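Participant: Contents of target_18.txt (compact mmCIF, C-alpha atoms) are given next:
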# COMPACT_ATOMS: atom_id res chain seq x y z
CA MET A 1120 159.69 118.35 159.56
CA GLN A 1121 161.17 115.00 158.43
CA LEU A 1122 157.69 113.49 158.05
CA HIS A 1123 156.59 116.45 155.94
CA ASP A 1124 159.68 116.11 153.73
CA ASP A 1125 159.06 112.36 153.29
CA LYS A 1126 155.46 113.01 152.17
CA GLN A 1127 156.67 115.56 149.62
CA SER A 1128 159.26 113.12 148.30
CA ASN A 1129 156.74 110.28 147.99
CA ARG A 1130 154.29 112.52 146.17
CA ALA A 1131 157.00 113.70 143.76
CA ASP A 1132 157.99 110.09 143.01
CA ASN A 1133 154.37 109.12 142.42
CA ILE A 1134 153.21 111.98 140.18
CA GLN A 1135 154.51 111.56 136.64
CA GLY A 1136 152.92 114.55 134.95
CA ALA A 1137 149.88 116.82 134.65
CA GLU A 1138 147.54 117.77 131.83
CA ILE A 1139 145.12 120.58 131.12
CA ARG A 1140 141.98 119.24 129.42
CA LEU A 1141 140.24 121.33 126.78
CA PRO A 1142 137.05 120.46 124.88
CA SER A 1143 137.07 119.77 121.15
CA GLU A 1144 134.28 119.47 118.64
CA ASP A 1145 136.57 119.10 115.61
CA LEU A 1146 139.81 117.41 116.66
CA THR A 1147 141.38 117.71 113.19
CA ALA A 1148 140.85 121.48 113.12
CA ASP A 1149 142.09 121.92 116.69
CA LEU A 1150 145.24 119.86 116.04
CA GLY A 1151 146.05 122.00 113.02
CA PHE A 1152 145.71 125.19 115.06
CA PHE A 1153 147.63 124.09 118.15
CA MET A 1154 150.45 122.43 116.17
CA LYS A 1155 150.90 124.71 113.15
CA THR A 1156 149.97 128.07 114.65
CA LEU A 1157 151.18 127.68 118.23
CA GLY A 1158 153.98 125.14 117.80
CA PHE A 1159 152.76 122.30 120.02
CA ARG A 1160 153.71 118.71 119.15
CA MET A 1161 151.50 115.63 119.26
CA ASP A 1162 152.40 113.00 121.88
CA LYS A 1163 149.32 110.74 121.80
CA ILE A 1164 146.16 110.27 119.76
CA TYR A 1165 143.40 107.62 120.03
CA PRO A 1166 141.47 105.62 119.05
CA ALA A 1167 143.24 105.13 115.75
CA ASP A 1168 140.14 104.57 113.60
CA TYR A 1169 138.22 107.58 114.88
CA PRO A 1170 140.40 109.83 117.10
CA THR A 1171 138.58 111.63 119.87
CA VAL A 1172 141.51 112.36 122.22
CA SER A 1173 144.93 113.85 121.52
CA VAL A 1174 147.66 114.89 123.96
CA LEU A 1175 149.95 117.73 122.90
CA SER A 1176 152.98 119.20 124.61
CA GLY A 1177 155.09 122.29 124.22
CA HIS A 1178 156.30 125.45 125.95
CA GLY A 1179 156.24 123.72 129.34
CA LEU A 1180 152.57 122.72 129.04
CA THR A 1181 150.67 119.50 128.29
CA ILE A 1182 147.22 119.85 126.72
CA ARG A 1183 144.65 117.08 126.40
CA LEU A 1184 142.15 117.79 123.62
CA GLU A 1185 139.10 115.65 124.23
CA GLN A 1186 136.01 115.49 122.10
CA ASP A 1187 132.81 116.34 123.96
CA ALA A 1188 134.64 117.26 127.18
CA SER A 1189 132.38 119.30 129.47
CA GLU A 1190 134.84 122.06 130.45
CA PRO A 1191 134.64 125.57 128.98
CA PRO A 1192 137.40 126.28 126.42
CA GLY A 1193 139.38 128.62 128.72
CA THR A 1194 142.22 131.02 127.93
CA LEU A 1195 145.77 130.07 126.99
CA ARG A 1196 148.62 132.58 127.37
CA ILE A 1197 151.71 132.07 125.18
CA LEU A 1198 154.75 133.86 126.60
CA CYS A 1199 157.16 135.02 123.89
CA ARG A 1200 160.43 136.87 123.76
CA ASP A 1201 159.08 138.52 120.59
CA PRO A 1202 155.29 138.21 120.36
CA ALA A 1203 155.26 139.79 116.88
CA ALA A 1204 157.23 136.84 115.49
CA LEU A 1205 154.42 134.36 116.20
CA ALA A 1206 151.08 134.02 114.40
CA SER A 1207 151.89 136.77 111.88
CA GLY A 1208 151.99 139.35 114.65
CA GLU A 1209 148.49 138.70 115.97
CA THR A 1210 148.29 138.92 119.76
CA GLU A 1211 144.78 137.54 120.29
CA LEU A 1212 143.51 134.40 118.60
CA THR A 1213 140.63 131.99 119.01
CA ALA A 1214 141.15 128.27 118.45
CA PRO A 1215 138.51 126.23 116.59
CA ASN A 1216 137.40 124.78 119.95
CA GLY A 1217 136.83 128.30 121.34
CA THR A 1218 139.98 128.54 123.48
CA ARG A 1219 141.09 132.15 123.63
CA VAL A 1220 144.83 132.57 123.01
CA GLU A 1221 146.79 135.60 124.22
CA ILE A 1222 150.31 136.05 122.83
CA VAL A 1223 152.24 138.23 125.27
CA GLN A 1224 155.78 139.23 126.11
CA SER A 1225 157.48 136.80 128.48
CA ASP A 1226 159.50 139.43 130.32
CA PRO A 1227 157.69 142.76 129.91
CA PRO A 1228 159.58 145.89 130.94
CA LEU A 1229 158.74 147.39 134.30
CA GLU A 1230 156.32 150.27 133.86
CA ILE A 1231 155.83 152.90 136.53
CA PRO A 1232 152.65 154.88 135.89
CA PRO A 1233 152.80 158.67 136.16
CA THR A 1234 152.10 159.91 139.66
CA GLN A 1235 148.60 161.22 140.27
CA HIS A 1236 149.49 163.79 142.89
CA ALA A 1237 147.25 164.24 145.91
CA PHE A 1238 147.41 165.57 149.45
CA LEU A 1239 146.72 162.46 151.52
CA VAL A 1240 146.53 161.66 155.22
CA ARG A 1241 146.05 158.17 156.67
CA ARG A 1242 145.49 157.96 160.42
CA LEU A 1243 145.88 154.84 162.51
CA LYS A 1244 142.88 155.67 164.67
CA ASP A 1245 140.61 155.70 161.61
CA ASN A 1246 140.76 151.89 161.84
CA THR A 1247 141.87 151.18 158.30
CA PRO A 1248 141.35 147.41 157.95
CA TRP A 1249 144.29 145.06 158.25
CA VAL A 1250 144.23 142.36 155.56
CA ILE A 1251 146.04 139.05 155.44
CA GLY A 1252 148.69 139.09 152.73
CA ARG A 1253 151.63 137.00 151.60
CA ALA A 1254 153.13 134.55 154.12
CA GLY A 1255 150.32 135.31 156.60
CA MET A 1256 151.46 138.89 157.24
CA HIS A 1257 148.94 141.62 158.14
CA TYR A 1258 148.91 144.65 155.81
CA ARG A 1259 147.49 148.16 156.32
CA ASP A 1260 147.45 150.49 153.30
CA LEU A 1261 149.06 153.87 154.04
CA VAL A 1262 148.45 155.60 150.69
CA PRO A 1263 144.79 155.48 149.58
CA GLY A 1264 144.56 155.28 145.80
CA ARG A 1265 148.31 154.67 145.61
CA LEU A 1266 148.82 157.90 143.65
CA GLY A 1267 147.51 156.30 140.49
CA GLY A 1268 149.54 153.12 140.96
CA SER A 1269 152.93 154.81 141.23
CA ILE A 1270 153.60 153.71 144.83
CA ILE A 1271 152.38 151.39 147.55
CA ALA A 1272 153.12 152.03 151.21
CA SER A 1273 152.17 149.34 153.70
CA HIS A 1274 152.23 149.07 157.47
CA ILE A 1275 152.93 145.36 158.00
CA ARG A 1276 152.76 143.42 161.25
CA ILE A 1277 153.37 139.88 162.43
CA PRO A 1278 151.71 139.44 165.86
CA ASP A 1279 153.35 136.18 166.95
CA ALA A 1280 157.03 135.45 167.41
CA GLY A 1281 158.70 132.57 165.62
CA PRO A 1282 159.44 131.25 162.14
CA VAL A 1283 157.74 132.98 159.20
CA PRO A 1284 156.31 130.70 156.47
CA ASP A 1285 158.20 132.50 153.71
CA VAL A 1286 160.15 131.10 150.73
CA VAL A 1287 162.99 132.42 148.59
CA HIS A 1288 161.52 135.01 146.24
CA TYR A 1289 162.20 138.26 144.44
CA HIS A 1290 160.28 141.32 143.26
CA THR A 1291 160.26 142.92 139.82
CA VAL A 1292 160.22 146.43 141.19
CA GLY A 1293 161.75 149.86 140.71
CA PHE A 1294 162.30 150.62 144.39
CA GLN A 1295 161.53 148.77 147.60
CA LEU A 1296 162.20 149.73 151.22
CA ILE A 1297 161.83 147.64 154.36
CA PHE A 1298 161.96 149.77 157.52
CA CYS A 1299 161.72 148.00 160.88
CA TYR A 1300 159.37 150.07 163.04
CA ARG A 1301 158.83 147.78 166.04
CA GLY A 1302 160.46 144.54 167.13
CA GLU A 1303 163.02 142.73 165.01
CA VAL A 1304 163.08 140.31 162.08
CA LYS A 1305 165.66 137.88 160.71
CA LEU A 1306 166.32 138.26 156.96
CA VAL A 1307 168.67 136.75 154.41
CA TYR A 1308 169.67 138.17 151.01
CA GLU A 1309 171.41 136.89 147.91
CA ASP A 1310 175.20 137.42 148.00
CA GLN A 1311 174.98 139.47 151.21
CA GLY A 1312 176.29 136.93 153.71
CA PRO A 1313 174.57 135.02 156.51
CA PRO A 1314 171.12 135.91 157.91
CA PHE A 1315 170.95 139.00 160.11
CA MET A 1316 168.52 140.70 162.47
CA LEU A 1317 166.85 143.90 161.30
CA LYS A 1318 166.03 145.78 164.49
CA ALA A 1319 163.71 148.69 165.25
CA GLY A 1320 165.08 151.77 163.51
CA ASP A 1321 167.05 149.75 160.94
CA CYS A 1322 166.16 149.49 157.26
CA VAL A 1323 167.19 147.82 154.02
CA ILE A 1324 166.39 148.33 150.39
CA GLN A 1325 165.63 145.30 148.27
CA PRO A 1326 167.15 146.05 144.85
CA PRO A 1327 165.22 144.78 141.81
CA GLU A 1328 165.11 140.96 141.71
CA ILE A 1329 167.50 140.28 144.59
CA ARG A 1330 166.57 136.90 146.07
CA HIS A 1331 165.63 137.07 149.73
CA ARG A 1332 163.59 135.46 152.47
CA VAL A 1333 162.02 136.38 155.80
CA LEU A 1334 163.09 133.74 158.34
CA GLU A 1335 161.62 134.64 161.71
CA SER A 1336 160.27 137.55 163.67
CA SER A 1337 159.90 138.80 167.21
CA GLU A 1338 156.50 139.24 168.82
CA ASN A 1339 154.54 142.21 167.43
CA LEU A 1340 156.92 142.87 164.58
CA GLN A 1341 155.96 145.97 162.59
CA VAL A 1342 157.63 147.19 159.41
CA ILE A 1343 156.95 149.91 156.87
CA GLU A 1344 157.30 148.69 153.29
CA ILE A 1345 157.43 151.03 150.30
CA GLY A 1346 157.20 149.68 146.74
CA VAL A 1347 157.37 151.38 143.34
CA PRO A 1348 155.23 150.79 141.34
CA ALA A 1349 152.25 149.72 143.43
CA ASP A 1350 151.50 146.65 141.30
CA HIS A 1351 154.69 144.63 140.98
CA VAL A 1352 155.29 140.93 140.53
CA THR A 1353 156.61 138.63 143.27
CA THR A 1354 158.30 135.53 141.84
CA ILE A 1355 159.14 132.41 143.83
CA ASP A 1356 162.63 131.04 143.12
CA HIS A 1357 162.62 127.27 143.64
CA GLU A 1358 166.30 126.84 142.73
CA VAL A 1359 168.29 129.38 144.76
CA GLU A 1360 169.19 128.47 148.34
CA LEU A 1361 169.98 131.21 150.84
CA PRO A 1362 172.42 132.19 152.11
CA THR A 1363 174.45 131.90 148.91
CA GLN A 1364 178.10 130.82 149.06
CA VAL A 1365 179.19 134.07 147.38
CA LEU A 1366 179.68 137.30 149.33
CA ASN A 1367 179.42 140.22 146.94
CA PRO A 1368 178.03 143.34 148.69
CA ASP A 1369 178.87 145.50 145.66
CA ARG A 1370 176.81 143.43 143.25
CA VAL A 1371 174.46 145.52 141.14
CA PHE A 1372 170.83 144.42 140.82
CA GLY A 1373 168.88 146.40 138.23
CA GLY A 1374 171.13 149.43 138.66
CA GLN A 1375 171.02 149.35 142.47
CA THR A 1376 173.09 147.83 145.26
CA PHE A 1377 171.92 146.29 148.50
CA CYS A 1378 171.89 148.79 151.37
CA ARG A 1379 171.50 148.03 155.07
CA HIS A 1380 171.30 150.96 157.48
CA GLN A 1381 171.53 150.38 161.23
CA LEU A 1382 170.32 152.82 163.85
CA ARG A 1383 173.38 152.15 166.00
CA ASP A 1384 175.59 153.65 163.28
CA ALA A 1385 173.43 156.74 162.72
CA VAL A 1386 174.99 160.17 162.28
CA TRP A 1387 172.53 162.99 162.98
CA GLU A 1388 172.83 166.24 161.03
CA PRO A 1389 170.59 169.29 160.44
CA TRP A 1390 167.60 168.40 158.27
CA ARG A 1391 165.97 170.24 155.38
CA LEU A 1392 163.35 171.64 157.80
CA ALA A 1393 164.40 173.95 160.63
CA GLY A 1394 164.00 172.54 164.11
CA PHE A 1395 164.85 168.98 163.04
CA GLU A 1396 167.89 166.79 162.67
CA ALA A 1397 168.03 163.70 160.48
CA ARG A 1398 170.03 160.56 159.86
CA GLU A 1399 170.96 159.66 156.32
CA THR A 1400 170.55 155.99 155.39
CA GLY A 1401 172.73 155.86 152.26
CA ILE A 1402 169.77 154.69 150.18
CA GLY A 1403 169.98 157.62 147.77
CA LYS A 1404 173.46 156.52 146.71
CA ALA A 1405 172.59 152.81 146.64
CA THR A 1406 169.61 153.41 144.34
CA GLY A 1407 171.50 155.73 142.03
CA GLY A 1408 169.24 158.62 142.98
CA VAL A 1409 165.94 156.78 142.56
CA ALA A 1410 164.88 157.42 146.17
CA SER A 1411 166.11 158.73 149.50
CA VAL A 1412 165.16 157.63 153.00
CA GLN A 1413 165.75 159.73 156.10
CA VAL A 1414 164.62 159.67 159.71
CA ALA A 1415 164.10 163.13 161.22
CA ARG A 1416 163.53 164.10 164.85
CA ALA A 1417 162.63 167.36 166.56
CA THR A 1418 165.50 169.32 168.10
CA THR A 1419 163.97 172.55 169.40
CA GLY A 1420 162.88 173.04 173.00
CA THR A 1421 159.37 172.77 174.40
CA ASP A 1422 157.04 175.12 176.24
CA GLY A 1423 154.63 174.35 179.04
CA ALA A 1424 153.25 171.18 180.52
CA ASP A 1425 151.91 169.92 177.19
CA GLY A 1426 155.46 169.31 175.93
CA ARG A 1427 154.89 171.00 172.58
CA SER A 1428 157.75 172.61 170.70
CA SER A 1429 158.48 176.30 170.61
CA GLY A 1430 159.04 177.37 167.03
CA GLY A 1431 161.78 176.36 164.61
CA GLY A 1432 159.72 173.86 162.65
CA ASP A 1433 156.73 176.13 162.07
CA GLN A 1434 158.09 177.51 158.79
CA VAL A 1435 156.02 177.16 155.63
CA THR A 1436 157.76 175.14 152.93
CA SER A 1437 157.14 173.36 149.63
CA HIS A 1438 159.16 170.80 147.67
CA THR A 1439 159.91 169.88 144.06
CA GLY A 1440 159.97 166.08 144.43
CA ASP A 1441 157.60 163.74 142.64
CA ILE A 1442 156.60 161.69 145.70
CA LEU A 1443 157.16 162.74 149.32
CA PHE A 1444 155.81 160.20 151.82
CA THR A 1445 156.08 160.58 155.59
CA PHE A 1446 155.26 158.15 158.40
CA VAL A 1447 154.96 159.41 161.97
CA MET A 1448 157.07 157.04 164.06
CA GLU A 1449 156.81 158.74 167.45
CA GLY A 1450 155.17 161.76 169.03
CA GLU A 1451 152.56 164.17 167.70
CA VAL A 1452 152.44 167.06 165.22
CA THR A 1453 149.89 169.19 163.40
CA LEU A 1454 150.16 169.10 159.61
CA ASN A 1455 148.89 172.28 157.95
CA GLY A 1456 148.43 172.13 154.19
CA GLU A 1457 147.57 174.74 151.62
CA ASN A 1458 143.76 174.76 151.17
CA GLN A 1459 143.53 171.83 153.60
CA VAL A 1460 142.12 171.39 157.09
CA ALA A 1461 144.73 170.98 159.82
CA HIS A 1462 145.48 167.36 160.77
CA ARG A 1463 146.66 166.43 164.24
CA LEU A 1464 148.87 163.40 163.66
CA GLU A 1465 150.15 160.71 166.02
CA ALA A 1466 152.47 157.72 165.87
CA GLY A 1467 151.25 155.32 163.17
CA ASP A 1468 149.83 158.04 160.92
CA ALA A 1469 151.13 158.78 157.42
CA TYR A 1470 150.81 161.54 154.85
CA VAL A 1471 151.81 162.49 151.30
CA ILE A 1472 152.56 166.06 150.23
CA PRO A 1473 152.28 166.85 146.49
CA PRO A 1474 155.00 168.92 144.82
CA HIS A 1475 154.80 172.73 145.16
CA THR A 1476 152.17 172.48 147.93
CA LYS A 1477 152.79 174.77 150.90
CA THR A 1478 152.75 173.01 154.28
CA SER A 1479 153.95 173.50 157.83
CA LEU A 1480 154.44 171.28 160.88
CA THR A 1481 153.30 172.96 164.07
CA ASP A 1482 152.70 172.08 167.75
CA ARG A 1483 155.30 169.37 167.62
CA SER A 1484 155.87 167.14 170.63
CA ALA A 1485 159.44 166.89 171.87
CA ASP A 1486 159.62 163.20 170.95
CA LEU A 1487 158.43 163.68 167.36
CA GLU A 1488 160.18 161.37 164.91
CA LEU A 1489 159.40 161.06 161.21
CA LEU A 1490 160.30 158.59 158.47
CA GLU A 1491 160.52 160.40 155.12
CA VAL A 1492 160.77 158.65 151.74
CA ALA A 1493 161.35 160.82 148.67
CA LEU A 1494 161.36 159.97 144.97
CA PRO A 1495 163.60 161.01 143.38
CA ALA A 1496 166.35 161.27 145.98
CA ARG A 1497 167.28 164.84 145.06
CA PHE A 1498 164.72 167.62 145.27
CA GLU A 1499 164.54 171.21 146.45
CA THR A 1500 162.82 172.57 149.53
CA THR A 1501 161.61 176.16 149.37
CA VAL A 1502 160.94 178.23 152.50
CA HIS A 1503 158.07 180.68 152.00
The structure given in the file should be rewritten as structure tokens.
Facilitator:
Amino acid sequence: MQLHDDKQSNRADNIQGAEIRLPSEDLTADLGFFMKTLGFRMDKIYPADYPTVSVLSGHGLTIRLEQDASEPPGTLRILCRDPAALASGETELTAPNGTRVEIVQSDPPLEIPPTQHAFLVRRLKDNTPWVIGRAGMHYRDLVPGRLGGSIIASHIRIPDAGPVPDVVHYHTVGFQLIFCYRGEVKLVYEDQGPPFMLKAGDCVIQPPEIRHRVLESSENLQVIEIGVPADHVTTIDHEVELPTQVLNPDRVFGGQTFCRHQLRDAVWEPWRLAGFEARETGIGKATGGVASVQVARATTGTDGADGRSSGGGDQVTSHTGDILFTFVMEGEVTLNGENQVAHRLEAGDAYVIPPHTKTSLTDRSADLELLEVALPARFETTVH
């Protein structure tokens, strides 16, 4: 580790700057555009009698305009607090050298697309491919099509135990859940004290833009991660060090507070569906009603050698929520949907039920356990 740090330090001492080179056929015209229209300043120009190279700087960027350079002109994005105040309100420009300029908002508001409702089932045995994502983690998509971009649900695993090559970062997101399904993982969060172990059955929400980091995991770690919207930005924070010196568990991040729910503290109460009991995680309150997260388990008895349940949960129901996602954590159950074929589900499977769609859960195994995520937190269940 010390050798690696020394190499980084030596490289930082050696490198004095960096430039982006762009071609120019008319340096005078390009200088006028980049300086007058975009607000760059000239740092260098040469040779004096017939300039062919000029170095400009501004907005955190250094540009080298070079006559007859071989590179294509490229695209330059100018990030503005108020894009309309630059270039007479134009948002797309073309420099004399052909460089395309996009003038965009530096901190655009988070947009959650309207939900494209669908009855969806994703089964583990269908061999949905695992892909390598951020920090070397393996991701399996649980919601095909992502309901039009309104949500992403991922089954994430880390096969090997040990440190995770993660860095301090945050997400510009409306809602994000981390539920530990198998194993355990060490996490640390901004203003939430020292690192802690998230164990199987535990969960946290990551409020918008809270700084955090994954430190290490057990062997065969598996988590379920829910994010709203599906496409959200992850930003690396090179300045913040975790854990922070401040302990402020009530701090509000984007209208939400950090919430950590531990299985060992669970209180089980009757659930919205007969024949089940559930543990409340407190996430509905922490998110201000944006989402709720509950774990439900079967409570009715079983018949016969097959261990399937005898009634109670076979009722037909519908709901009024916008998004209702369920992950089968343990056991087996048959999901019956209105105008749908019956699906026999096992641990590792997931499904989404659209609002006002009649469904029932039948032939439940005694060990059935479900993770349910609802947006918004409050919705009505109707028994038909």
Participant: From the options A:Gln1341, A:Ser1207, A:Thr1453, A:Gln1459, which residue's atoms come nearest to Asp1482 in chain A, counting all atoms listed in the file?
Facilitator: A:Thr1453
Participant: Select, from A:Ser1269, A:Gln1381, A:Thr1436, A:Thr1363, the residue with the minimum atom-to-atom distance to Arg1330 in chain A, counting only C-alpha atoms.
Facilitator: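 Between A:Ser1269, A:Gln1381, A:Thr1436, A:Thr1363, the residue approaching Arg1330 in chain A most closely is A:Thr1363.
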Participant: Set the distance at 8 Å and use all atoms listed in the file: which residues neighbour range 1316-1323 of chain A once local chain neighbours fewer than 2 positions away are removed? I'd like the list as number ranges by chain.
Facilitator: A: 1296-1306, 1314, 1325, 1377-1382
Participant: Kindly extract all protein, DNA and RNA residues lying within 12 Å of the coordinates (143.0, 112.9, 110.4) given in the file, considering only C-alpha atoms, and supply them as a ChimeraX atom specification.
Facilitator: /A:1145-1151,1164-1173
Participant: Which residues, protein or nucleic acid, reach to within 10 Å of (162.3, 133.7, 148.4) in the file's coordinates when using all atoms listed in the file, and can you give that as a list in words?
Facilitator: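 Residues found, by chain and rising number: Asp1285, Val1286, Val1287, His1288, Tyr1289, His1290, Val1307, Tyr1308, Glu1309, Ile1329, Arg1330, His1331, Arg1332, Val1333, Leu1334, Thr1353, Thr1354, Ile1355, Asp1356, His1357, Glu1358, Val1359, Glu1360 and Leu1361 of chain A.
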Participant: As a count of residues only, please: the residues near Ala1466 in chain A (cut-off 6 Å, all atoms listed in the file, same-chain neighbours under 6 positions excluded).
Facilitator: 4
Participant: Between A:His1475, A:Lys1404, A:Arg1259, A:Arg1391, single out the one closest to Gln1375 in chain A, counting all atoms listed in the file.
Facilitator: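 Between A:His1475, A:Lys1404, A:Arg1259, A:Arg1391, the residue approaching Gln1375 in chain A most closely is A:Lys1404.
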Participant: Between A:Leu1205, A:Ala1137, A:Leu1266, A:Ala1415, single out the one closest to Trp1387 in chain A, counting all atoms listed in the file.
Facilitator: A:Ala1415
Participant: Between CA of Glu1211 in chain A and CA of Ile1197 in chain A, what distance in Å does the model show, to one decimal?
Facilitator: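 Result for CA of Glu1211 in chain A versus CA of Ile1197 in chain A: 10.1 Å, one decimal.
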Participant: With all atoms listed in the file as the basis for distance, which of A:Thr1418, A:Gln1434, A:Thr1400, A:Asn1339 is at the shortest distance from Glu1488 in chain A?
Facilitator: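 Among the listed residues, A:Thr1418 lies closest to Glu1488 in chain A.
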